[in-house]
>>> print(open('upload_5.cif').read())   # mmCIF, N, CA and C atoms
data_run
#
loop_
_atom_site.group_PDB
_atom_site.id
_atom_site.type_symbol
_atom_site.label_atom_id
_atom_site.label_comp_id
_atom_site.auth_asym_id
_atom_site.auth_seq_id
_atom_site.Cartn_x
_atom_site.Cartn_y
_atom_site.Cartn_z
ATOM 1 N N MET A 1386 0.849 -1.170 0.000
ATOM 2 C CA MET A 1386 0.000 0.000 0.000
ATOM 3 C C MET A 1386 0.898 1.237 0.000
ATOM 4 N N GLU A 1387 0.495 2.265 -0.726
ATOM 5 C CA GLU A 1387 1.261 3.501 -0.795
ATOM 6 C C GLU A 1387 0.682 4.533 0.181
ATOM 7 N N LEU A 1388 1.568 5.288 0.830
ATOM 8 C CA LEU A 1388 1.163 6.321 1.783
ATOM 9 C C LEU A 1388 1.861 7.625 1.452
ATOM 10 N N GLU A 1389 1.096 8.721 1.497
ATOM 11 C CA GLU A 1389 1.651 10.069 1.401
ATOM 12 C C GLU A 1389 1.104 10.894 2.553
ATOM 13 N N ILE A 1390 1.995 11.628 3.234
ATOM 14 C CA ILE A 1390 1.578 12.567 4.262
ATOM 15 C C ILE A 1390 2.032 13.943 3.802
ATOM 16 N N LEU A 1391 1.058 14.834 3.604
ATOM 17 C CA LEU A 1391 1.324 16.165 3.066
ATOM 18 C C LEU A 1391 0.847 17.243 4.018
ATOM 19 N N THR A 1392 1.606 18.344 4.089
ATOM 20 C CA THR A 1392 1.173 19.551 4.787
ATOM 21 C C THR A 1392 1.159 20.663 3.744
ATOM 22 N N PRO A 1393 0.603 21.825 4.063
ATOM 23 C CA PRO A 1393 0.648 22.929 3.104
ATOM 24 C C PRO A 1393 2.076 23.334 2.720
ATOM 25 N N GLU A 1394 3.050 23.070 3.592
ATOM 26 C CA GLU A 1394 4.428 23.473 3.341
ATOM 27 C C GLU A 1394 5.232 22.451 2.545
ATOM 28 N N ARG A 1395 4.997 21.132 2.823
ATOM 29 C CA ARG A 1395 5.865 20.127 2.196
ATOM 30 C C ARG A 1395 5.295 18.721 2.315
ATOM 31 N N LYS A 1396 5.940 17.804 1.604
ATOM 32 C CA LYS A 1396 5.611 16.383 1.698
ATOM 33 C C LYS A 1396 6.470 15.795 2.819
ATOM 34 N N LEU A 1397 5.814 15.218 3.840
ATOM 35 C CA LEU A 1397 6.547 14.650 4.970
ATOM 36 C C LEU A 1397 6.947 13.204 4.740
ATOM 37 N N TYR A 1398 6.093 12.453 4.048
ATOM 38 C CA TYR A 1398 6.366 11.026 3.879
ATOM 39 C C TYR A 1398 5.749 10.555 2.582
ATOM 40 N N SER A 1399 6.459 9.678 1.897
ATOM 41 C CA SER A 1399 5.928 9.036 0.701
ATOM 42 C C SER A 1399 6.618 7.693 0.556
ATOM 43 N N GLY A 1400 5.829 6.620 0.477
ATOM 44 C CA GLY A 1400 6.442 5.305 0.313
ATOM 45 C C GLY A 1400 5.472 4.169 0.546
ATOM 46 N N GLU A 1401 5.971 2.961 0.353
ATOM 47 C CA GLU A 1401 5.197 1.746 0.557
ATOM 48 C C GLU A 1401 5.187 1.385 2.044
ATOM 49 N N VAL A 1402 4.010 1.024 2.557
ATOM 50 C CA VAL A 1402 3.860 0.671 3.974
ATOM 51 C C VAL A 1402 2.965 -0.548 4.116
ATOM 52 N N TYR A 1403 3.026 -1.182 5.285
ATOM 53 C CA TYR A 1403 2.118 -2.278 5.617
ATOM 54 C C TYR A 1403 0.748 -1.722 6.002
ATOM 55 N N GLY A 1404 0.758 -0.616 6.763
ATOM 56 C CA GLY A 1404 -0.478 -0.003 7.230
ATOM 57 C C GLY A 1404 -0.195 1.322 7.900
ATOM 58 N N VAL A 1405 -1.279 1.999 8.294
ATOM 59 C CA VAL A 1405 -1.140 3.288 8.981
ATOM 60 C C VAL A 1405 -2.280 3.430 9.988
ATOM 61 N N GLN A 1406 -1.948 3.937 11.188
ATOM 62 C CA GLN A 1406 -2.937 4.213 12.224
ATOM 63 C C GLN A 1406 -3.165 5.718 12.261
ATOM 64 N N LEU A 1407 -4.448 6.114 12.255
ATOM 65 C CA LEU A 1407 -4.815 7.530 12.125
ATOM 66 C C LEU A 1407 -5.769 7.961 13.237
ATOM 67 N N PRO A 1408 -5.691 9.242 13.669
ATOM 68 C CA PRO A 1408 -6.577 9.757 14.719
ATOM 69 C C PRO A 1408 -7.853 10.377 14.135
ATOM 70 N N GLY A 1409 -8.837 9.558 13.823
ATOM 71 C CA GLY A 1409 -10.102 10.065 13.286
ATOM 72 C C GLY A 1409 -10.866 10.875 14.318
ATOM 73 N N ILE A 1410 -11.767 11.752 13.865
ATOM 74 C CA ILE A 1410 -12.511 12.594 14.814
ATOM 75 C C ILE A 1410 -13.462 11.779 15.688
ATOM 76 N N ASN A 1411 -13.828 10.564 15.248
ATOM 77 C CA ASN A 1411 -14.696 9.697 16.048
ATOM 78 C C ASN A 1411 -13.925 8.547 16.676
ATOM 79 N N GLY A 1412 -12.608 8.636 16.667
ATOM 80 C CA GLY A 1412 -11.769 7.588 17.247
ATOM 81 C C GLY A 1412 -10.680 7.161 16.282
ATOM 82 N N SER A 1413 -9.647 6.569 16.828
ATOM 83 C CA SER A 1413 -8.522 6.122 16.006
ATOM 84 C C SER A 1413 -8.946 4.936 15.138
ATOM 85 N N PHE A 1414 -8.307 4.827 13.968
ATOM 86 C CA PHE A 1414 -8.571 3.699 13.088
ATOM 87 C C PHE A 1414 -7.302 3.343 12.322
ATOM 88 N N GLU A 1415 -7.307 2.143 11.756
ATOM 89 C CA GLU A 1415 -6.139 1.640 11.041
ATOM 90 C C GLU A 1415 -6.532 1.284 9.614
ATOM 91 N N VAL A 1416 -5.662 1.594 8.677
ATOM 92 C CA VAL A 1416 -5.882 1.264 7.270
ATOM 93 C C VAL A 1416 -4.792 0.281 6.865
ATOM 94 N N LEU A 1417 -5.216 -0.856 6.293
ATOM 95 C CA LEU A 1417 -4.292 -1.873 5.817
ATOM 96 C C LEU A 1417 -4.460 -2.060 4.312
ATOM 97 N N ASP A 1418 -3.661 -2.924 3.734
ATOM 98 C CA ASP A 1418 -3.670 -3.201 2.301
ATOM 99 C C ASP A 1418 -5.077 -3.526 1.788
ATOM 100 N N LYS A 1419 -5.437 -2.974 0.651
ATOM 101 C CA LYS A 1419 -6.717 -3.218 -0.040
ATOM 102 C C LYS A 1419 -7.931 -2.760 0.773
ATOM 103 N N HIS A 1420 -7.777 -1.700 1.564
ATOM 104 C CA HIS A 1420 -8.879 -1.140 2.347
ATOM 105 C C HIS A 1420 -9.930 -0.549 1.408
ATOM 106 N N ALA A 1421 -11.167 -0.566 1.823
ATOM 107 C CA ALA A 1421 -12.256 0.040 1.046
ATOM 108 C C ALA A 1421 -12.047 1.548 0.930
ATOM 109 N N PRO A 1422 -12.550 2.179 -0.136
ATOM 110 C CA PRO A 1422 -12.431 3.639 -0.270
ATOM 111 C C PRO A 1422 -13.034 4.347 0.946
ATOM 112 N N LEU A 1423 -12.396 5.447 1.359
ATOM 113 C CA LEU A 1423 -12.782 6.131 2.586
ATOM 114 C C LEU A 1423 -12.264 7.558 2.564
ATOM 115 N N VAL A 1424 -13.050 8.481 3.119
ATOM 116 C CA VAL A 1424 -12.585 9.837 3.402
ATOM 117 C C VAL A 1424 -12.955 10.110 4.850
ATOM 118 N N SER A 1425 -11.987 10.619 5.635
ATOM 119 C CA SER A 1425 -12.238 10.863 7.047
ATOM 120 C C SER A 1425 -11.553 12.144 7.496
ATOM 121 N N ALA A 1426 -12.240 12.894 8.366
ATOM 122 C CA ALA A 1426 -11.614 14.036 9.026
ATOM 123 C C ALA A 1426 -10.729 13.503 10.150
ATOM 124 N N LEU A 1427 -9.609 14.175 10.372
ATOM 125 C CA LEU A 1427 -8.668 13.772 11.414
ATOM 126 C C LEU A 1427 -8.570 14.851 12.478
ATOM 127 N N LYS A 1428 -8.423 14.425 13.737
ATOM 128 C CA LYS A 1428 -8.216 15.377 14.825
ATOM 129 C C LYS A 1428 -6.736 15.392 15.185
ATOM 130 N N GLU A 1429 -6.381 16.251 16.118
ATOM 131 C CA GLU A 1429 -5.006 16.307 16.595
ATOM 132 C C GLU A 1429 -4.633 14.965 17.209
ATOM 133 N N GLY A 1430 -3.469 14.474 16.863
ATOM 134 C CA GLY A 1430 -3.035 13.192 17.404
ATOM 135 C C GLY A 1430 -1.866 12.620 16.634
ATOM 136 N N LYS A 1431 -1.621 11.335 16.850
ATOM 137 C CA LYS A 1431 -0.462 10.671 16.246
ATOM 138 C C LYS A 1431 -0.863 9.821 15.042
ATOM 139 N N VAL A 1432 -0.044 9.910 13.990
ATOM 140 C CA VAL A 1432 -0.144 9.047 12.819
ATOM 141 C C VAL A 1432 1.019 8.075 12.923
ATOM 142 N N LYS A 1433 0.712 6.784 13.021
ATOM 143 C CA LYS A 1433 1.755 5.769 13.153
ATOM 144 C C LYS A 1433 1.837 4.976 11.854
ATOM 145 N N ILE A 1434 3.016 4.982 11.250
ATOM 146 C CA ILE A 1434 3.252 4.253 10.002
ATOM 147 C C ILE A 1434 3.797 2.880 10.363
ATOM 148 N N LEU A 1435 3.155 1.832 9.856
ATOM 149 C CA LEU A 1435 3.548 0.461 10.177
ATOM 150 C C LEU A 1435 4.357 -0.138 9.030
ATOM 151 N N LYS A 1436 5.588 -0.562 9.344
ATOM 152 C CA LYS A 1436 6.459 -1.194 8.358
ATOM 153 C C LYS A 1436 6.044 -2.646 8.142
ATOM 154 N N ASP A 1437 5.611 -3.300 9.212
ATOM 155 C CA ASP A 1437 5.045 -4.647 9.147
ATOM 156 C C ASP A 1437 4.017 -4.771 10.268
ATOM 157 N N LYS A 1438 3.550 -5.981 10.551
ATOM 158 C CA LYS A 1438 2.456 -6.153 11.517
ATOM 159 C C LYS A 1438 2.731 -5.560 12.896
ATOM 160 N N SER A 1439 3.987 -5.537 13.316
ATOM 161 C CA SER A 1439 4.272 -5.105 14.690
ATOM 162 C C SER A 1439 5.321 -4.002 14.811
ATOM 163 N N THR A 1440 5.892 -3.554 13.698
ATOM 164 C CA THR A 1440 6.975 -2.574 13.762
ATOM 165 C C THR A 1440 6.556 -1.242 13.178
ATOM 166 N N ALA A 1441 6.695 -0.183 13.982
ATOM 167 C CA ALA A 1441 6.389 1.165 13.503
ATOM 168 C C ALA A 1441 7.609 1.720 12.769
ATOM 169 N N ALA A 1442 7.398 2.220 11.550
ATOM 170 C CA ALA A 1442 8.488 2.812 10.773
ATOM 171 C C ALA A 1442 8.722 4.250 11.198
ATOM 172 N N ALA A 1443 7.644 4.976 11.487
ATOM 173 C CA ALA A 1443 7.751 6.382 11.883
ATOM 174 C C ALA A 1443 6.444 6.805 12.531
ATOM 175 N N THR A 1444 6.508 7.875 13.323
ATOM 176 C CA THR A 1444 5.323 8.450 13.953
ATOM 177 C C THR A 1444 5.361 9.960 13.762
ATOM 178 N N TYR A 1445 4.210 10.520 13.383
ATOM 179 C CA TYR A 1445 4.072 11.969 13.215
ATOM 180 C C TYR A 1445 2.942 12.451 14.109
ATOM 181 N N THR A 1446 3.091 13.634 14.678
ATOM 182 C CA THR A 1446 2.013 14.274 15.431
ATOM 183 C C THR A 1446 1.410 15.334 14.524
ATOM 184 N N ILE A 1447 0.097 15.210 14.268
ATOM 185 C CA ILE A 1447 -0.579 16.156 13.378
ATOM 186 C C ILE A 1447 -1.532 17.041 14.168
ATOM 187 N N THR A 1448 -1.896 18.179 13.591
ATOM 188 C CA THR A 1448 -2.816 19.112 14.248
ATOM 189 C C THR A 1448 -4.219 19.033 13.669
ATOM 190 N N GLY A 1449 -4.482 18.023 12.856
ATOM 191 C CA GLY A 1449 -5.784 17.842 12.234
ATOM 192 C C GLY A 1449 -5.638 17.783 10.733
ATOM 193 N N GLY A 1450 -6.723 17.421 10.055
ATOM 194 C CA GLY A 1450 -6.686 17.349 8.603
ATOM 195 C C GLY A 1450 -7.676 16.330 8.075
ATOM 196 N N PHE A 1451 -7.315 15.711 6.954
ATOM 197 C CA PHE A 1451 -8.176 14.728 6.303
ATOM 198 C C PHE A 1451 -7.345 13.571 5.784
ATOM 199 N N ALA A 1452 -7.977 12.405 5.655
ATOM 200 C CA ALA A 1452 -7.342 11.231 5.058
ATOM 201 C C ALA A 1452 -8.261 10.692 3.968
ATOM 202 N N GLU A 1453 -7.661 10.282 2.872
ATOM 203 C CA GLU A 1453 -8.405 9.656 1.776
ATOM 204 C C GLU A 1453 -7.750 8.327 1.456
ATOM 205 N N VAL A 1454 -8.580 7.280 1.336
ATOM 206 C CA VAL A 1454 -8.104 5.959 0.936
ATOM 207 C C VAL A 1454 -8.786 5.635 -0.384
ATOM 208 N N LEU A 1455 -7.980 5.379 -1.418
ATOM 209 C CA LEU A 1455 -8.523 5.088 -2.744
ATOM 210 C C LEU A 1455 -7.483 4.311 -3.544
ATOM 211 N N ASN A 1456 -7.905 3.200 -4.139
ATOM 212 C CA ASN A 1456 -7.038 2.383 -5.002
ATOM 213 C C ASN A 1456 -5.721 1.996 -4.335
ATOM 214 N N ASN A 1457 -5.814 1.528 -3.092
ATOM 215 C CA ASN A 1457 -4.657 1.066 -2.320
ATOM 216 C C ASN A 1457 -3.619 2.163 -2.072
ATOM 217 N N LYS A 1458 -4.089 3.410 -1.998
ATOM 218 C CA LYS A 1458 -3.228 4.549 -1.670
ATOM 219 C C LYS A 1458 -3.910 5.361 -0.580
ATOM 220 N N VAL A 1459 -3.137 5.751 0.439
ATOM 221 C CA VAL A 1459 -3.637 6.591 1.520
ATOM 222 C C VAL A 1459 -2.971 7.951 1.404
ATOM 223 N N SER A 1460 -3.784 8.996 1.326
ATOM 224 C CA SER A 1460 -3.280 10.369 1.306
ATOM 225 C C SER A 1460 -3.736 11.054 2.582
ATOM 226 N N VAL A 1461 -2.775 11.542 3.366
ATOM 227 C CA VAL A 1461 -3.081 12.271 4.596
ATOM 228 C C VAL A 1461 -2.735 13.734 4.330
ATOM 229 N N LEU A 1462 -3.741 14.585 4.416
ATOM 230 C CA LEU A 1462 -3.561 16.021 4.235
ATOM 231 C C LEU A 1462 -3.679 16.664 5.609
ATOM 232 N N ALA A 1463 -2.534 17.004 6.186
ATOM 233 C CA ALA A 1463 -2.487 17.514 7.554
ATOM 234 C C ALA A 1463 -2.312 19.021 7.577
ATOM 235 N N GLU A 1464 -3.008 19.679 8.501
ATOM 236 C CA GLU A 1464 -2.853 21.136 8.664
ATOM 237 C C GLU A 1464 -1.449 21.476 9.105
ATOM 238 N N GLY A 1465 -0.886 20.656 9.966
ATOM 239 C CA GLY A 1465 0.477 20.811 10.441
ATOM 240 C C GLY A 1465 0.931 19.485 11.011
ATOM 241 N N ALA A 1466 2.241 19.208 10.942
ATOM 242 C CA ALA A 1466 2.730 17.932 11.448
ATOM 243 C C ALA A 1466 4.221 18.031 11.757
ATOM 244 N N ILE A 1467 4.632 17.250 12.755
ATOM 245 C CA ILE A 1467 6.043 17.120 13.084
ATOM 246 C C ILE A 1467 6.335 15.645 13.344
ATOM 247 N N GLU A 1468 7.555 15.214 13.046
ATOM 248 C CA GLU A 1468 7.933 13.836 13.343
ATOM 249 C C GLU A 1468 8.152 13.708 14.838
ATOM 250 N N SER A 1469 7.612 12.630 15.412
ATOM 251 C CA SER A 1469 7.756 12.453 16.865
ATOM 252 C C SER A 1469 8.317 11.100 17.210
#
>>> encode(input="upload_5.cif", output="structure tokens")
Amino acid sequence: MELEILTPERKLYSGEVYGVQLPGINGSFEVLDKHAPLVSALKEGKVKILKDKSTAAATYTITGGFAEVLNNKVSVLAEGAIES
């Protein structure tokens, strides 16, 4: 699955991942390979990128935004983010 994390200033992450955990406004959720199409608002919290089933590749703290899942690609559009 492909993941991109974008802010208005720059692209923070782009690459192949096992999955990603996101802070949805109604609770955290995880997106894995071949997930159904989805658009969700995100609240302030942590985005955890999963390299495999149990290993986190990176973690970012975002200030809110949106996530779109379509055709095995996840796009995270964050208002602001820092690597944590």
>>> closest_residue(input="upload_5.cif", among="A:Leu1407, A:Leu1388, A:Leu1423, A:Leu1417", to="A:Val1454", atoms="all atoms listed in the file")
A:Leu1423
>>> resolve_selection(input="upload_5.cif", expression="the PyMOL selection byres ((chain A and resi 1415) around 7)", output="list in words")
Gly1404, Val1405, Gln1406, Leu1407, Ser1413, Phe1414, Val1416 and Leu1417 of chain A
>>> write_last_selection(input="upload_5.cif", atoms="N, CA and C atoms", output="PDB file, keeping the file's coordinate frame")
ATOM      1  N   GLY A1404       0.758  -0.616   6.763  1.00  0.00           N
ATOM      2  CA  GLY A1404      -0.478  -0.003   7.230  1.00  0.00           C
ATOM      3  C   GLY A1404      -0.195   1.322   7.900  1.00  0.00           C
ATOM      4  N   VAL A1405      -1.279   1.999   8.294  1.00  0.00           N
ATOM      5  CA  VAL A1405      -1.140   3.288   8.981  1.00  0.00           C
ATOM      6  C   VAL A1405      -2.280   3.430   9.988  1.00  0.00           C
ATOM      7  N   GLN A1406      -1.948   3.937  11.188  1.00  0.00           N
ATOM      8  CA  GLN A1406      -2.937   4.213  12.224  1.00  0.00           C
ATOM      9  C   GLN A1406      -3.165   5.718  12.261  1.00  0.00           C
ATOM     10  N   LEU A1407      -4.448   6.114  12.255  1.00  0.00           N
ATOM     11  CA  LEU A1407      -4.815   7.530  12.125  1.00  0.00           C
ATOM     12  C   LEU A1407      -5.769   7.961  13.237  1.00  0.00           C
ATOM     13  N   SER A1413      -9.647   6.569  16.828  1.00  0.00           N
ATOM     14  CA  SER A1413      -8.522   6.122  16.006  1.00  0.00           C
ATOM     15  C   SER A1413      -8.946   4.936  15.138  1.00  0.00           C
ATOM     16  N   PHE A1414      -8.307   4.827  13.968  1.00  0.00           N
ATOM     17  CA  PHE A1414      -8.571   3.699  13.088  1.00  0.00           C
ATOM     18  C   PHE A1414      -7.302   3.343  12.322  1.00  0.00           C
ATOM     19  N   VAL A1416      -5.662   1.594   8.677  1.00  0.00           N
ATOM     20  CA  VAL A1416      -5.882   1.264   7.270  1.00  0.00           C
ATOM     21  C   VAL A1416      -4.792   0.281   6.865  1.00  0.00           C
ATOM     22  N   LEU A1417      -5.216  -0.856   6.293  1.00  0.00           N
ATOM     23  CA  LEU A1417      -4.292  -1.873   5.817  1.00  0.00           C
ATOM     24  C   LEU A1417      -4.460  -2.060   4.312  1.00  0.00           C
TER      25      LEU A1417
END
>>> atom_distance(input="upload_5.cif", atom1="atom CA of A:Lys1428", atom2="atom N of A:Gly1412")
8.3 Å
>>> closest_residue(input="upload_5.cif", among="A:Met1386, A:Val1459, A:Leu1427, A:Ala1466", to="A:Thr1446", atoms="all atoms listed in the file")
A:Ala1466
>>> closest_residue(input="upload_5.cif", among="A:Glu1429, A:Lys1438, A:Leu1391, A:Val1424", to="A:Ala1452", atoms="all atoms listed in the file")
A:Val1424
>>> select_by_dssp(input="upload_5.cif", residues="chain A", states="strand (DSSP E or B)", output="PyMOL selection string")
chain A and resi 1387-1391+1396-1401+1404-1409+1412-1417+1423-1427+1430-1435+1441-1447+1450-1455+1458-1463+1466-1468
>>> closest_residue(input="upload_5.cif", among="A:Ile1390, A:Ala1443, A:Tyr1398, A:Ile1434", to="A:Ser1469", atoms="all atoms listed in the file")
A:Ala1443
>>> closest_residue(input="upload_5.cif", among="A:Ala1426, A:Ala1421, A:Leu1435, A:Ala1441", to="A:Val1461", atoms="only C-alpha atoms")
A:Ala1426
>>> atom_distance(input="upload_5.cif", atom1="atom N of A:Asp1418", atom2="atom N of A:Tyr1403")
7.1 Å
>>> axis_aligned_box(input="upload_5.cif", around="stretch 1435-1446 of chain A", padding_each_side="8 Å", output="AutoDock Vina command-line options")
--center_x 5.1 --center_y 4.6 --center_z 11.8 --size_x 23.3 --size_y 37.5 --size_z 23.3
>>> atom_distance(input="upload_5.cif", atom1="atom CA of A:Glu1394", atom2="atom C of A:Lys1458")
20.3 Å
>>> resolve_selection(input="upload_5.cif", expression="the PyMOL selection byres (((chain A and resi 1447 and name CA) around 8) and name CA)", output="list in words")
Lys1428, Glu1429, Gly1430, Lys1431, Val1432, Tyr1445, Thr1446, Thr1448, Gly1449, Gly1450, Ala1463, Glu1464, Gly1465, Ala1466 and Ile1467 of chain A
>>> closest_residue(input="upload_5.cif", among="A:Val1402, A:Phe1451, A:Leu1397, A:Lys1433", to="A:Lys1419", atoms="only C-alpha atoms")
A:Val1402
